[in-house]
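Peer 1: input39.csv is reproduced below (CSV, N, CA and C atoms).
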chain,number,residue,atom,x,y,z
A,1,SER,N,-59.3,-7.0,46.4
A,1,SER,CA,-58.1,-7.6,45.8
A,1,SER,C,-58.5,-8.7,44.9
A,2,TRP,N,-57.5,-9.1,44.0
A,2,TRP,CA,-57.8,-10.2,43.1
A,2,TRP,C,-58.1,-11.5,43.8
A,3,GLY,N,-57.5,-11.7,45.0
A,3,GLY,CA,-57.7,-12.9,45.7
A,3,GLY,C,-59.1,-13.2,46.2
A,4,THR,N,-60.0,-12.2,46.2
A,4,THR,CA,-61.3,-12.4,46.6
A,4,THR,C,-62.3,-12.9,45.5
A,5,TRP,N,-61.8,-12.9,44.3
A,5,TRP,CA,-62.6,-13.2,43.2
A,5,TRP,C,-62.5,-14.7,42.9
A,6,LEU,N,-63.6,-15.3,42.5
A,6,LEU,CA,-63.6,-16.7,41.9
A,6,LEU,C,-63.6,-16.5,40.4
A,7,PHE,N,-62.4,-16.5,39.8
A,7,PHE,CA,-62.2,-16.1,38.5
A,7,PHE,C,-61.3,-17.1,37.8
A,8,ASP,N,-61.7,-17.6,36.6
A,8,ASP,CA,-60.9,-18.5,35.8
A,8,ASP,C,-60.5,-17.7,34.5
A,9,HIS,N,-59.3,-17.2,34.5
A,9,HIS,CA,-58.9,-16.4,33.3
A,9,HIS,C,-59.0,-17.1,32.0
A,10,ASN,N,-58.7,-18.4,32.0
A,10,ASN,CA,-58.8,-19.2,30.8
A,10,ASN,C,-60.2,-19.4,30.3
A,11,LYS,N,-61.2,-19.5,31.2
A,11,LYS,CA,-62.5,-19.7,30.8
A,11,LYS,C,-63.3,-18.4,30.5
A,12,GLN,N,-62.9,-17.3,31.3
A,12,GLN,CA,-63.7,-16.1,31.3
A,12,GLN,C,-63.1,-15.0,30.5
A,13,THR,N,-62.0,-15.2,29.8
A,13,THR,CA,-61.4,-14.2,28.9
A,13,THR,C,-60.9,-14.9,27.6
A,14,LYS,N,-60.5,-14.0,26.7
A,14,LYS,CA,-60.0,-14.5,25.4
A,14,LYS,C,-58.5,-14.7,25.4
A,15,PHE,N,-57.9,-14.5,26.5
A,15,PHE,CA,-56.4,-14.7,26.6
A,15,PHE,C,-56.1,-15.8,27.6
A,16,LYS,N,-55.7,-16.9,27.1
A,16,LYS,CA,-55.4,-18.1,27.9
A,16,LYS,C,-54.0,-17.9,28.6
A,17,LEU,N,-54.0,-18.1,29.9
A,17,LEU,CA,-52.7,-18.1,30.6
A,17,LEU,C,-52.1,-19.4,30.7
A,18,ASP,N,-51.1,-19.6,29.8
A,18,ASP,CA,-50.4,-20.9,29.8
A,18,ASP,C,-48.9,-20.7,29.8
A,19,GLY,N,-48.2,-21.8,29.9
A,19,GLY,CA,-46.7,-21.6,29.9
A,19,GLY,C,-46.2,-20.7,31.0
A,20,ALA,N,-45.3,-19.8,30.7
A,20,ALA,CA,-44.7,-18.8,31.6
A,20,ALA,C,-45.8,-17.8,32.1
A,21,HIS,N,-46.8,-17.6,31.3
A,21,HIS,CA,-47.9,-16.7,31.7
A,21,HIS,C,-48.6,-17.1,33.0
A,22,GLU,N,-48.6,-18.4,33.3
A,22,GLU,CA,-49.3,-19.0,34.5
A,22,GLU,C,-48.7,-18.4,35.7
A,23,GLU,N,-47.4,-18.1,35.7
A,23,GLU,CA,-46.7,-17.6,36.9
A,23,GLU,C,-46.7,-16.1,37.1
A,24,VAL,N,-47.3,-15.4,36.1
A,24,VAL,CA,-47.3,-13.9,36.2
A,24,VAL,C,-48.4,-13.5,37.1
A,25,GLU,N,-48.1,-12.5,38.0
A,25,GLU,CA,-49.1,-12.0,38.9
A,25,GLU,C,-50.1,-11.1,38.2
A,26,CYS,N,-51.3,-11.1,38.6
A,26,CYS,CA,-52.3,-10.3,38.0
A,26,CYS,C,-51.9,-8.8,37.7
A,27,TYR,N,-51.2,-8.3,38.7
A,27,TYR,CA,-50.9,-6.8,38.6
A,27,TYR,C,-49.8,-6.6,37.5
A,28,ALA,N,-49.2,-7.6,37.0
A,28,ALA,CA,-48.2,-7.4,35.9
A,28,ALA,C,-49.0,-6.8,34.7
A,29,CYS,N,-50.2,-7.2,34.5
A,29,CYS,CA,-51.0,-6.7,33.3
A,29,CYS,C,-52.1,-5.7,33.7
A,30,HIS,N,-52.7,-6.0,34.9
A,30,HIS,CA,-53.8,-5.2,35.4
A,30,HIS,C,-53.3,-4.2,36.4
A,31,HIS,N,-53.0,-3.0,35.9
A,31,HIS,CA,-52.4,-2.0,36.8
A,31,HIS,C,-53.3,-1.1,37.6
A,32,SER,N,-54.6,-1.0,37.1
A,32,SER,CA,-55.5,-0.1,37.8
A,32,SER,C,-56.8,-0.8,38.0
A,33,THR,N,-57.7,-0.2,38.8
A,33,THR,CA,-59.1,-0.6,39.0
A,33,THR,C,-59.8,-0.5,37.6
A,34,MET,N,-60.6,-1.6,37.4
A,34,MET,CA,-61.4,-1.6,36.1
A,34,MET,C,-62.8,-1.2,36.4
A,35,GLU,N,-63.4,-0.2,35.7
A,35,GLU,CA,-64.8,0.1,35.9
A,35,GLU,C,-65.6,-0.8,35.0
A,36,LYS,N,-65.0,-1.3,33.9
A,36,LYS,CA,-65.8,-2.2,33.0
A,36,LYS,C,-64.8,-3.3,32.6
A,37,GLN,N,-65.2,-4.1,31.7
A,37,GLN,CA,-64.3,-5.2,31.2
A,37,GLN,C,-63.0,-4.6,30.6
A,38,SER,N,-61.9,-5.3,30.8
A,38,SER,CA,-60.7,-4.8,30.3
A,38,SER,C,-60.6,-4.9,28.8
A,39,GLY,N,-59.9,-3.9,28.3
A,39,GLY,CA,-59.7,-3.9,26.8
A,39,GLY,C,-58.2,-4.1,26.5
A,40,LEU,N,-57.5,-4.9,27.3
A,40,LEU,CA,-56.1,-5.1,27.1
A,40,LEU,C,-55.9,-5.9,25.8
A,41,ALA,N,-54.8,-5.5,25.1
A,41,ALA,CA,-54.5,-6.2,23.9
A,41,ALA,C,-54.0,-7.6,24.2
A,42,SER,N,-54.2,-8.5,23.3
A,42,SER,CA,-53.8,-9.9,23.5
A,42,SER,C,-52.7,-10.4,22.6
A,43,ASN,N,-52.2,-9.5,21.8
A,43,ASN,CA,-51.0,-9.9,21.0
A,43,ASN,C,-49.8,-9.8,21.8
A,44,CYS,N,-48.8,-10.6,21.4
A,44,CYS,CA,-47.5,-10.6,22.1
A,44,CYS,C,-46.8,-9.3,22.3
A,45,SER,N,-46.8,-8.5,21.2
A,45,SER,CA,-46.1,-7.3,21.2
A,45,SER,C,-46.6,-6.2,22.2
A,46,ALA,N,-47.9,-6.4,22.6
A,46,ALA,CA,-48.5,-5.5,23.5
A,46,ALA,C,-47.6,-5.4,24.8
A,47,CYS,N,-47.1,-6.5,25.2
A,47,CYS,CA,-46.2,-6.6,26.4
A,47,CYS,C,-44.8,-6.8,26.1
A,48,HIS,N,-44.5,-7.4,25.0
A,48,HIS,CA,-43.1,-7.9,24.7
A,48,HIS,C,-42.4,-7.2,23.6
A,49,ALA,N,-42.9,-6.0,23.2
A,49,ALA,CA,-42.2,-5.3,22.0
A,49,ALA,C,-40.7,-5.1,22.3
A,50,GLY,N,-40.4,-4.7,23.5
A,50,GLY,CA,-39.0,-4.5,23.9
A,50,GLY,C,-38.1,-5.7,23.9
A,51,ASP,N,-38.7,-6.9,23.9
A,51,ASP,CA,-38.0,-8.2,23.9
A,51,ASP,C,-37.8,-8.7,22.5
A,52,ASP,N,-38.4,-8.1,21.5
A,52,ASP,CA,-38.5,-8.6,20.1
A,52,ASP,C,-37.1,-8.4,19.4
A,53,VAL,N,-36.4,-9.4,19.3
A,53,VAL,CA,-35.1,-9.3,18.6
A,53,VAL,C,-35.2,-9.1,17.1
A,54,HIS,N,-36.5,-9.3,16.6
A,54,HIS,CA,-36.8,-9.2,15.1
A,54,HIS,C,-37.3,-7.8,14.8
A,55,SER,N,-37.4,-6.9,15.8
A,55,SER,CA,-37.9,-5.5,15.6
A,55,SER,C,-39.2,-5.5,14.8
A,56,GLY,N,-40.1,-6.4,15.1
A,56,GLY,CA,-41.4,-6.4,14.5
A,56,GLY,C,-41.5,-6.9,13.1
A,57,GLY,N,-40.3,-7.4,12.6
A,57,GLY,CA,-40.3,-7.9,11.2
A,57,GLY,C,-41.1,-9.1,10.9
A,58,PHE,N,-41.5,-9.9,11.9
A,58,PHE,CA,-42.4,-11.0,11.7
A,58,PHE,C,-43.8,-10.8,12.3
A,59,GLY,N,-44.2,-9.6,12.5
A,59,GLY,CA,-45.5,-9.3,13.0
A,59,GLY,C,-45.6,-9.3,14.5
A,60,ARG,N,-46.9,-9.2,15.0
A,60,ARG,CA,-47.1,-9.1,16.4
A,60,ARG,C,-47.5,-10.4,17.1
A,61,TYR,N,-47.6,-11.5,16.4
A,61,TYR,CA,-48.0,-12.8,17.0
A,61,TYR,C,-46.9,-13.8,17.0
A,62,CYS,N,-46.1,-13.6,18.0
A,62,CYS,CA,-44.9,-14.5,18.2
A,62,CYS,C,-45.2,-15.9,18.3
A,63,GLY,N,-46.4,-16.3,18.7
A,63,GLY,CA,-46.8,-17.7,18.9
A,63,GLY,C,-46.8,-18.5,17.6
A,64,ARG,N,-46.6,-17.8,16.5
A,64,ARG,CA,-46.5,-18.6,15.2
A,64,ARG,C,-45.2,-19.4,15.2
A,65,CYS,N,-44.2,-18.9,15.9
A,65,CYS,CA,-42.9,-19.6,15.9
A,65,CYS,C,-42.5,-20.0,17.4
A,66,HIS,N,-42.9,-19.2,18.3
A,66,HIS,CA,-42.5,-19.4,19.7
A,66,HIS,C,-43.6,-20.0,20.6
A,67,ASN,N,-43.3,-20.6,21.7
A,67,ASN,CA,-44.3,-21.0,22.6
A,67,ASN,C,-44.2,-20.2,23.9
A,68,THR,N,-45.1,-20.4,24.8
A,68,THR,CA,-45.1,-19.6,26.0
A,68,THR,C,-44.4,-20.2,27.1
A,69,THR,N,-43.9,-21.5,26.9
A,69,THR,CA,-43.2,-22.2,28.0
A,69,THR,C,-41.7,-21.7,28.0
A,70,ASP,N,-41.1,-21.7,26.8
A,70,ASP,CA,-39.7,-21.3,26.7
A,70,ASP,C,-39.5,-20.6,25.4
A,71,PHE,N,-39.5,-19.3,25.5
A,71,PHE,CA,-39.5,-18.4,24.3
A,71,PHE,C,-38.3,-18.7,23.4
A,72,ARG,N,-37.2,-19.3,24.0
A,72,ARG,CA,-36.0,-19.6,23.1
A,72,ARG,C,-36.3,-20.8,22.2
A,73,GLU,N,-37.3,-21.6,22.5
A,73,GLU,CA,-37.6,-22.7,21.6
A,73,GLU,C,-38.4,-22.1,20.4
A,74,VAL,N,-38.1,-22.6,19.2
A,74,VAL,CA,-38.7,-22.2,18.0
A,74,VAL,C,-39.5,-23.4,17.4
A,75,GLU,N,-40.7,-23.2,17.1
A,75,GLU,CA,-41.6,-24.2,16.4
A,75,GLU,C,-42.2,-23.5,15.2
A,76,MET,N,-41.7,-23.9,14.1
A,76,MET,CA,-42.1,-23.3,12.8
A,76,MET,C,-43.4,-23.9,12.4
A,77,THR,N,-44.5,-23.7,13.1
A,77,THR,CA,-45.8,-24.4,12.8
A,77,THR,C,-46.8,-23.4,12.4
A,78,GLY,N,-46.5,-22.1,12.5
A,78,GLY,CA,-47.5,-21.1,12.2
A,78,GLY,C,-47.7,-20.8,10.7
A,79,THR,N,-48.7,-20.0,10.4
A,79,THR,CA,-48.9,-19.6,9.0
A,79,THR,C,-48.4,-18.2,8.9
A,80,PHE,N,-47.6,-17.9,7.8
A,80,PHE,CA,-47.0,-16.6,7.7
A,80,PHE,C,-47.7,-15.8,6.6
Is it possible to give me this structure as structure tokens?

Peer 2:
Amino acid sequence: SWGTWLFDHNKQTKFKLDGAHEEVECYACHHSTMEKQSGLASNCSACHAGDDVHSGGFGRYCGRCHNTTDFREVEMTGTF
């Protein structure tokens, strides 16, 4: 089980778990046993394409405008 591992997702992967992602259970993304390192996509649309009210019109990296704490907040700080 995941509980037996001493694992820091933020230090040992390229995908930082912050904001609302901190509360997500491991199994939400990791559905099956891994024989080697995971190749999961790290862009927002990999998991949230169905939530995209822009229908992909602004690309796959929602973090350019939205944060992970409250997706309804918009921060126009990214490069387009």

Peer 1: Please run DSSP on the backbone and report, as a list in words, all residues within chain A that come out as alpha helix (DSSP H).

Peer 2: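 The residues of chain A classed as alpha helix (DSSP H) are His9, Asn10, Lys11, Gln12, Ser45, Ala46, Cys47 and His48 of chain A.
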
Peer 1: Hey, what's within 7 Å of Ser45 of chain A if we count all atoms listed in the file and toss same-chain stuff fewer than 6 positions away? As JSON, numbers by chain, please?

Peer 2: {"A": [59, 60, 61, 62]}

Peer 1: Would you mind reading off the distance between atom CA of Lys14 of chain A and atom N of His54 of chain A, one decimal, in Å?

Peer 2: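 About the pair atom CA of Lys14 of chain A and atom N of His54 of chain A: they are 25.6 Å apart.
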
Peer 1: Provide the atom N of Ser32 of chain A to atom N of Ala20 of chain A distance in Å, to one decimal place.

Peer 2: 21.9 Å

Peer 1: Tell me which protein, DNA and RNA residues are within 12 Å of Gly63 of chain A, counting only C-alpha atoms, leaving out same-chain ones fewer than 5 positions away, and put them as a VMD selection string.

Peer 2: chain A and resid 18 to 19 42 to 45 48 58 68 to 80

Peer 1: Please report the interatomic distance between atom CA of Ala46 of chain A and atom N of Asp8 of chain A in Å with one decimal.

Peer 2: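 Between atom CA of Ala46 of chain A and atom N of Asp8 of chain A the gap is 22.2 Å.
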
Peer 1: Generate the missing atoms of segment 12-36 of chain A up to N, CA, C and O atoms and report them as a PDB file, in the frame of the given file.

Peer 2:
ATOM      1  N   GLN A  12     -62.900 -17.300  31.300  1.00  0.00           N
ATOM      2  CA  GLN A  12     -63.700 -16.100  31.300  1.00  0.00           C
ATOM      3  C   GLN A  12     -63.100 -15.000  30.500  1.00  0.00           C
ATOM      4  O   GLN A  12     -63.602 -13.851  30.447  1.00  0.00           O
ATOM      5  N   THR A  13     -62.000 -15.200  29.800  1.00  0.00           N
ATOM      6  CA  THR A  13     -61.400 -14.200  28.900  1.00  0.00           C
ATOM      7  C   THR A  13     -60.900 -14.900  27.600  1.00  0.00           C
ATOM      8  O   THR A  13     -60.974 -16.069  27.457  1.00  0.00           O
ATOM      9  N   LYS A  14     -60.500 -14.000  26.700  1.00  0.00           N
ATOM     10  CA  LYS A  14     -60.000 -14.500  25.400  1.00  0.00           C
ATOM     11  C   LYS A  14     -58.500 -14.700  25.400  1.00  0.00           C
ATOM     12  O   LYS A  14     -57.941 -15.021  24.336  1.00  0.00           O
ATOM     13  N   PHE A  15     -57.900 -14.500  26.500  1.00  0.00           N
ATOM     14  CA  PHE A  15     -56.400 -14.700  26.600  1.00  0.00           C
ATOM     15  C   PHE A  15     -56.100 -15.800  27.600  1.00  0.00           C
ATOM     16  O   PHE A  15     -56.203 -15.630  28.814  1.00  0.00           O
ATOM     17  N   LYS A  16     -55.700 -16.900  27.100  1.00  0.00           N
ATOM     18  CA  LYS A  16     -55.400 -18.100  27.900  1.00  0.00           C
ATOM     19  C   LYS A  16     -54.000 -17.900  28.600  1.00  0.00           C
ATOM     20  O   LYS A  16     -53.056 -17.507  27.947  1.00  0.00           O
ATOM     21  N   LEU A  17     -54.000 -18.100  29.900  1.00  0.00           N
ATOM     22  CA  LEU A  17     -52.700 -18.100  30.600  1.00  0.00           C
ATOM     23  C   LEU A  17     -52.100 -19.400  30.700  1.00  0.00           C
ATOM     24  O   LEU A  17     -52.566 -20.328  31.378  1.00  0.00           O
ATOM     25  N   ASP A  18     -51.100 -19.600  29.800  1.00  0.00           N
ATOM     26  CA  ASP A  18     -50.400 -20.900  29.800  1.00  0.00           C
ATOM     27  C   ASP A  18     -48.900 -20.700  29.800  1.00  0.00           C
ATOM     28  O   ASP A  18     -48.460 -19.560  29.677  1.00  0.00           O
ATOM     29  N   GLY A  19     -48.200 -21.800  29.900  1.00  0.00           N
ATOM     30  CA  GLY A  19     -46.700 -21.600  29.900  1.00  0.00           C
ATOM     31  C   GLY A  19     -46.200 -20.700  31.000  1.00  0.00           C
ATOM     32  O   GLY A  19     -46.710 -20.705  32.142  1.00  0.00           O
ATOM     33  N   ALA A  20     -45.300 -19.800  30.700  1.00  0.00           N
ATOM     34  CA  ALA A  20     -44.700 -18.800  31.600  1.00  0.00           C
ATOM     35  C   ALA A  20     -45.800 -17.800  32.100  1.00  0.00           C
ATOM     36  O   ALA A  20     -45.640 -17.268  33.178  1.00  0.00           O
ATOM     37  N   HIS A  21     -46.800 -17.600  31.300  1.00  0.00           N
ATOM     38  CA  HIS A  21     -47.900 -16.700  31.700  1.00  0.00           C
ATOM     39  C   HIS A  21     -48.600 -17.100  33.000  1.00  0.00           C
ATOM     40  O   HIS A  21     -49.216 -16.337  33.702  1.00  0.00           O
ATOM     41  N   GLU A  22     -48.600 -18.400  33.300  1.00  0.00           N
ATOM     42  CA  GLU A  22     -49.300 -19.000  34.500  1.00  0.00           C
ATOM     43  C   GLU A  22     -48.700 -18.400  35.700  1.00  0.00           C
ATOM     44  O   GLU A  22     -49.335 -18.356  36.770  1.00  0.00           O
ATOM     45  N   GLU A  23     -47.400 -18.100  35.700  1.00  0.00           N
ATOM     46  CA  GLU A  23     -46.700 -17.600  36.900  1.00  0.00           C
ATOM     47  C   GLU A  23     -46.700 -16.100  37.100  1.00  0.00           C
ATOM     48  O   GLU A  23     -46.246 -15.616  38.116  1.00  0.00           O
ATOM     49  N   VAL A  24     -47.300 -15.400  36.100  1.00  0.00           N
ATOM     50  CA  VAL A  24     -47.300 -13.900  36.200  1.00  0.00           C
ATOM     51  C   VAL A  24     -48.400 -13.500  37.100  1.00  0.00           C
ATOM     52  O   VAL A  24     -49.507 -13.945  37.077  1.00  0.00           O
ATOM     53  N   GLU A  25     -48.100 -12.500  38.000  1.00  0.00           N
ATOM     54  CA  GLU A  25     -49.100 -12.000  38.900  1.00  0.00           C
ATOM     55  C   GLU A  25     -50.100 -11.100  38.200  1.00  0.00           C
ATOM     56  O   GLU A  25     -49.728 -10.499  37.152  1.00  0.00           O
ATOM     57  N   CYS A  26     -51.300 -11.100  38.600  1.00  0.00           N
ATOM     58  CA  CYS A  26     -52.300 -10.300  38.000  1.00  0.00           C
ATOM     59  C   CYS A  26     -51.900  -8.800  37.700  1.00  0.00           C
ATOM     60  O   CYS A  26     -52.192  -8.265  36.673  1.00  0.00           O
ATOM     61  N   TYR A  27     -51.200  -8.300  38.700  1.00  0.00           N
ATOM     62  CA  TYR A  27     -50.900  -6.800  38.600  1.00  0.00           C
ATOM     63  C   TYR A  27     -49.800  -6.600  37.500  1.00  0.00           C
ATOM     64  O   TYR A  27     -49.657  -5.411  37.141  1.00  0.00           O
ATOM     65  N   ALA A  28     -49.200  -7.600  37.000  1.00  0.00           N
ATOM     66  CA  ALA A  28     -48.200  -7.400  35.900  1.00  0.00           C
ATOM     67  C   ALA A  28     -49.000  -6.800  34.700  1.00  0.00           C
ATOM     68  O   ALA A  28     -48.378  -6.047  33.885  1.00  0.00           O
ATOM     69  N   CYS A  29     -50.200  -7.200  34.500  1.00  0.00           N
ATOM     70  CA  CYS A  29     -51.000  -6.700  33.300  1.00  0.00           C
ATOM     71  C   CYS A  29     -52.100  -5.700  33.700  1.00  0.00           C
ATOM     72  O   CYS A  29     -52.406  -4.803  33.018  1.00  0.00           O
ATOM     73  N   HIS A  30     -52.700  -6.000  34.900  1.00  0.00           N
ATOM     74  CA  HIS A  30     -53.800  -5.200  35.400  1.00  0.00           C
ATOM     75  C   HIS A  30     -53.300  -4.200  36.400  1.00  0.00           C
ATOM     76  O   HIS A  30     -53.291  -4.507  37.577  1.00  0.00           O
ATOM     77  N   HIS A  31     -53.000  -3.000  35.900  1.00  0.00           N
ATOM     78  CA  HIS A  31     -52.400  -2.000  36.800  1.00  0.00           C
ATOM     79  C   HIS A  31     -53.300  -1.100  37.600  1.00  0.00           C
ATOM     80  O   HIS A  31     -52.930  -0.559  38.565  1.00  0.00           O
ATOM     81  N   SER A  32     -54.600  -1.000  37.100  1.00  0.00           N
ATOM     82  CA  SER A  32     -55.500  -0.100  37.800  1.00  0.00           C
ATOM     83  C   SER A  32     -56.800  -0.800  38.000  1.00  0.00           C
ATOM     84  O   SER A  32     -57.145  -1.803  37.346  1.00  0.00           O
ATOM     85  N   THR A  33     -57.700  -0.200  38.800  1.00  0.00           N
ATOM     86  CA  THR A  33     -59.100  -0.600  39.000  1.00  0.00           C
ATOM     87  C   THR A  33     -59.800  -0.500  37.600  1.00  0.00           C
ATOM     88  O   THR A  33     -59.679   0.434  36.914  1.00  0.00           O
ATOM     89  N   MET A  34     -60.600  -1.600  37.400  1.00  0.00           N
ATOM     90  CA  MET A  34     -61.400  -1.600  36.100  1.00  0.00           C
ATOM     91  C   MET A  34     -62.800  -1.200  36.400  1.00  0.00           C
ATOM     92  O   MET A  34     -63.459  -1.838  37.267  1.00  0.00           O
ATOM     93  N   GLU A  35     -63.400  -0.200  35.700  1.00  0.00           N
ATOM     94  CA  GLU A  35     -64.800   0.100  35.900  1.00  0.00           C
ATOM     95  C   GLU A  35     -65.600  -0.800  35.000  1.00  0.00           C
ATOM     96  O   GLU A  35     -66.806  -0.901  35.221  1.00  0.00           O
ATOM     97  N   LYS A  36     -65.000  -1.300  33.900  1.00  0.00           N
ATOM     98  CA  LYS A  36     -65.800  -2.200  33.000  1.00  0.00           C
ATOM     99  C   LYS A  36     -64.800  -3.300  32.600  1.00  0.00           C
ATOM    100  O   LYS A  36     -63.648  -3.321  33.024  1.00  0.00           O
TER     101      LYS A  36
END
